$ cat entry-v6.cif   # mmCIF, C-alpha atoms
data_structure
#
loop_
_atom_site.label_atom_id
_atom_site.label_comp_id
_atom_site.auth_asym_id
_atom_site.auth_seq_id
_atom_site.Cartn_x
_atom_site.Cartn_y
_atom_site.Cartn_z
CA GLY A 1488 0.00 0.00 0.00
CA PRO A 1489 0.94 3.67 0.15
CA ARG A 1490 4.19 4.73 1.81
CA GLN A 1491 5.72 1.27 1.82
CA PHE A 1492 9.49 1.56 1.67
CA PRO A 1493 10.62 1.55 -1.99
CA GLU A 1494 12.97 -1.40 -1.55
CA LYS A 1495 9.97 -3.70 -1.16
CA MET A 1496 8.87 -5.58 -4.25
CA ILE A 1497 5.63 -3.83 -5.18
CA PRO A 1498 6.78 -0.19 -4.77
CA PHE A 1499 10.10 -1.10 -6.38
CA PHE A 1500 8.30 -2.62 -9.38
CA ILE A 1501 5.89 0.32 -9.63
CA MET A 1502 8.85 2.72 -9.72
CA ARG A 1503 10.70 0.74 -12.37
CA ALA A 1504 7.65 -0.04 -14.51
CA ALA A 1505 6.66 3.63 -14.61
CA GLN A 1506 10.12 4.37 -16.04
CA GLY A 1507 9.96 1.48 -18.53
CA LYS A 1508 12.82 -0.33 -16.75
CA HIS A 1509 13.19 -4.07 -16.31
CA LEU A 1510 11.59 -5.69 -13.27
CA PRO A 1511 14.17 -8.08 -11.80
CA LEU A 1512 12.72 -11.28 -10.35
CA TYR A 1513 14.73 -13.72 -8.29
CA GLY A 1514 14.98 -17.26 -9.71
CA ASP A 1515 11.97 -18.29 -11.78
CA GLY A 1516 9.64 -15.76 -10.09
CA LEU A 1517 7.29 -18.50 -8.92
CA ASN A 1518 7.72 -17.77 -5.21
CA ARG A 1519 4.18 -17.39 -3.88
CA ARG A 1520 2.77 -14.89 -1.42
CA ASP A 1521 -0.61 -14.16 0.10
CA TRP A 1522 -0.79 -10.44 -0.75
CA LEU A 1523 -2.94 -8.18 1.41
CA TYR A 1524 -3.67 -4.45 1.14
CA VAL A 1525 -2.32 -2.39 4.04
CA GLU A 1526 -5.71 -1.06 5.20
CA ASP A 1527 -7.07 -4.60 5.45
CA HIS A 1528 -4.02 -5.54 7.51
CA SER A 1529 -4.48 -2.53 9.79
CA ARG A 1530 -8.15 -3.34 10.31
CA ALA A 1531 -7.16 -6.89 11.28
CA VAL A 1532 -4.66 -5.64 13.87
CA ALA A 1533 -7.23 -3.22 15.30
CA LEU A 1534 -9.82 -6.00 15.55
CA VAL A 1535 -7.39 -8.29 17.39
CA LEU A 1536 -6.60 -5.49 19.84
CA GLU A 1537 -10.30 -4.88 20.37
CA ARG A 1538 -11.72 -8.42 20.44
CA GLY A 1539 -8.80 -10.85 20.53
CA VAL A 1540 -7.93 -13.06 23.47
CA SER A 1541 -4.75 -12.02 25.29
CA GLY A 1542 -1.92 -14.45 24.59
CA GLU A 1543 -3.49 -15.93 21.45
CA VAL A 1544 -1.84 -15.74 18.04
CA TYR A 1545 -3.87 -14.37 15.14
CA ALA A 1546 -2.43 -14.78 11.65
CA ILE A 1547 -3.48 -12.25 9.02
CA SER A 1548 -3.97 -13.51 5.49
CA ARG A 1549 -6.36 -13.53 2.54
CA GLU A 1550 -6.12 -17.34 2.38
CA GLY A 1551 -6.36 -19.02 -0.97
CA LYS A 1552 -5.58 -15.88 -2.94
CA GLU A 1553 -1.88 -16.36 -3.52
CA TYR A 1554 -0.03 -14.81 -6.43
CA SER A 1555 3.49 -15.57 -7.56
CA ASN A 1556 6.04 -12.77 -7.66
CA LYS A 1557 5.96 -13.14 -11.45
CA GLY A 1558 2.16 -12.79 -11.40
CA MET A 1559 2.37 -9.62 -9.32
CA ALA A 1560 5.01 -8.18 -11.64
CA ALA A 1561 2.69 -8.88 -14.58
CA LEU A 1562 -0.23 -7.16 -12.81
CA VAL A 1563 1.91 -4.06 -12.16
CA LEU A 1564 3.04 -3.95 -15.79
CA ASP A 1565 -0.51 -4.43 -17.06
CA HIS A 1566 -1.80 -1.60 -14.86
CA VAL A 1567 0.84 0.88 -16.03
CA ARG A 1568 0.46 -0.36 -19.63
CA LYS A 1569 4.01 -1.62 -20.05
CA PRO A 1570 4.99 -4.86 -21.80
CA ARG A 1571 5.49 -8.00 -19.77
CA LYS A 1572 8.81 -8.51 -21.54
CA LEU A 1573 10.19 -6.07 -18.93
CA ILE A 1574 10.19 -9.00 -16.48
CA THR A 1575 13.80 -10.17 -16.13
CA PHE A 1576 15.07 -13.11 -14.12
CA ILE A 1577 18.15 -12.79 -11.92
CA SER A 1578 20.00 -15.25 -9.69
CA ASP A 1579 17.97 -16.30 -6.69
CA ARG A 1580 19.00 -15.44 -3.15
CA PRO A 1581 20.36 -18.34 -1.10
CA GLY A 1582 17.66 -19.78 1.14
CA HIS A 1583 14.89 -17.74 -0.49
CA ASP A 1584 11.47 -18.90 0.78
CA ARG A 1585 9.36 -20.48 -1.92
CA ARG A 1586 6.01 -19.83 -0.26
CA TYR A 1587 4.53 -17.97 2.70
CA ALA A 1588 1.13 -19.18 3.89
CA VAL A 1589 -0.77 -18.97 7.18
CA SER A 1590 -4.31 -19.64 8.37
CA SER A 1591 -6.42 -16.66 9.39
CA ALA A 1592 -9.25 -18.85 10.76
CA LYS A 1593 -9.05 -17.39 14.30
CA LEU A 1594 -9.05 -13.84 12.93
CA ARG A 1595 -12.01 -14.58 10.67
CA ALA A 1596 -13.87 -16.01 13.66
CA LEU A 1597 -13.64 -12.50 15.14
CA GLY A 1598 -15.50 -11.21 12.07
CA TRP A 1599 -12.61 -9.95 9.92
CA LYS A 1600 -12.39 -10.31 6.18
CA PRO A 1601 -10.44 -8.28 3.65
CA ARG A 1602 -12.29 -5.53 1.81
CA GLU A 1603 -9.83 -5.20 -1.05
CA THR A 1604 -9.03 -7.82 -3.65
CA VAL A 1605 -5.42 -8.19 -4.71
CA LYS A 1606 -6.19 -6.25 -7.88
CA THR A 1607 -8.09 -3.38 -6.23
CA GLY A 1608 -5.43 -3.02 -3.52
CA LEU A 1609 -2.68 -3.06 -6.13
CA LYS A 1610 -4.51 -0.42 -8.19
CA LYS A 1611 -4.83 1.85 -5.14
CA THR A 1612 -1.14 1.34 -4.40
CA ILE A 1613 -0.02 2.10 -7.96
CA ASP A 1614 -2.29 5.14 -8.11
CA TRP A 1615 -0.82 6.45 -4.83
CA TYR A 1616 2.82 6.06 -5.92
CA THR A 1617 2.02 7.60 -9.30
CA ALA A 1618 0.36 10.59 -7.62
CA ASN A 1619 3.17 11.11 -5.08
CA PRO A 1620 6.51 11.29 -6.91
CA ALA A 1621 7.82 13.96 -4.51
CA TRP A 1622 7.43 11.58 -1.55
CA LEU A 1623 9.23 8.83 -3.44
CA LYS A 1624 12.02 11.16 -4.54
CA ALA A 1625 12.54 12.42 -0.98
CA VAL A 1626 12.72 8.89 0.41
CA MET A 1627 15.12 7.76 -2.31
CA ARG A 1628 17.35 10.81 -1.82
CA HIS A 1629 17.94 9.82 1.81
CA THR A 1630 18.27 6.08 1.24
CA PRO A 1631 21.46 4.21 0.48
CA ARG A 1632 21.33 2.11 -2.66
CA ILE A 1633 18.75 -0.60 -2.11
CA ASN A 1634 20.45 -3.41 -3.98
CA PRO A 1635 23.92 -2.77 -5.37
CA HIS A 1636 23.27 -5.27 -8.19
CA ILE A 1637 20.22 -3.40 -9.51
CA LYS A 1638 20.47 0.13 -10.86
CA ILE A 1639 17.41 2.21 -10.03
#
$ encode --input "entry-v6.cif" --output "structure tokens"
Amino acid sequence: GPRQFPEKMIPFFIMRAAQGKHLPLYGDGLNRRDWLYVEDHSRAVALVLERGVSGEVYAISREGKEYSNKGMAALVLDHVRKPRKLITFISDRPGHDRRYAVSSAKLRALGWKPRETVKTGLKKTIDWYTANPAWLKAVMRHTPRINPHIKI
């Protein structure tokens, strides 16, 4: 979502796609994640604080709505109307997790469910970064190079 640090995959890809630069993906890009929009995450945390049982663990996830890193890169490129050929594969990191997945059953029992789909949350995120280049420039000006192997 908005204001996520630009070294993270989605803001990093938004930045690069907007400039027509390649989107570097580790390995084959098939690492899977359960992507969730920041406001849905924040609502989940607030609900746990309000209604959760002290000492319990509540995982936050969309469940069953996983996208690969390659799939997310393609969605970013599609939204900013850039060709998917900008996806480039680079050497994978040692020990890179192939999949992150958790059960949000206890959280859902409290009445939580995400309001945003992956696509609507991604659209809001892309629209925010596109509308706020000054914020991005200020953050990048005060940030050491994110990955020395990737030129921004």
$ closest_residue --input "entry-v6.cif" --among "A:Gln1506, A:Ser1590, A:Thr1604, A:Thr1575" --to "Trp1522 in chain A" --atoms "only C-alpha atoms"
A:Thr1604
$ residues_near_point --input "entry-v6.cif" --point "(3.1, -0.3, -10.4)" --cutoff "6 Å" --atoms "all atoms listed in the file" --output "PyMOL selection string"
chain A and resi 1500-1501+1563+1613
$ resolve_selection --input "entry-v6.cif" --expression "the PyMOL selection byres ((chain A and resi 1498) around 12)" --output "VMD selection string"
chain A and resid 1488 to 1497 1499 to 1505 1510 1559 to 1560 1563 1609 to 1617 1619 to 1620 1623 1627
$ resolve_selection --input "entry-v6.cif" --expression "the PyMOL selection byres ((chain A and resi 1528-1542) around 10)" --output "list in words"
Leu1523, Tyr1524, Val1525, Glu1526, Asp1527, Glu1543, Val1544, Tyr1545, Ala1546, Ile1547, Ser1548, Arg1549, Ser1591, Lys1593, Leu1594, Arg1595, Ala1596, Leu1597, Gly1598, Trp1599, Lys1600, Pro1601 and Arg1602 of chain A
$ atom_distance --input "entry-v6.cif" --atom1 "CA of His1509 in chain A" --atom2 "CA of Ile1574 in chain A"
5.8 Å
$ atom_distance --input "entry-v6.cif" --atom1 "CA of Ser1555 in chain A" --atom2 "CA of Glu1603 in chain A"
18.1 Å
$ atom_distance --input "entry-v6.cif" --atom1 "CA of Gly1507 in chain A" --atom2 "CA of Leu1573 in chain A"
7.6 Å
$ resolve_selection --input "entry-v6.cif" --expression "the PyMOL selection byres ((chain A and resi 1511-1521) around 6)" --output "short mmCIF file (atom, residue, chain, number, x, y, z; two decimals) with C-alpha atoms, in the frame of the given file"
data_model
loop_
_atom_site.label_atom_id
_atom_site.label_comp_id
_atom_site.auth_asym_id
_atom_site.auth_seq_id
_atom_site.Cartn_x
_atom_site.Cartn_y
_atom_site.Cartn_z
CA LEU A 1510 11.59 -5.69 -13.27
CA TRP A 1522 -0.79 -10.44 -0.75
CA GLU A 1553 -1.88 -16.36 -3.52
CA TYR A 1554 -0.03 -14.81 -6.43
CA SER A 1555 3.49 -15.57 -7.56
CA ASN A 1556 6.04 -12.77 -7.66
CA LYS A 1557 5.96 -13.14 -11.45
CA THR A 1575 13.80 -10.17 -16.13
CA PHE A 1576 15.07 -13.11 -14.12
CA ILE A 1577 18.15 -12.79 -11.92
CA SER A 1578 20.00 -15.25 -9.69
CA ASP A 1579 17.97 -16.30 -6.69
CA ARG A 1585 9.36 -20.48 -1.92
CA ARG A 1586 6.01 -19.83 -0.26
CA TYR A 1587 4.53 -17.97 2.70
#
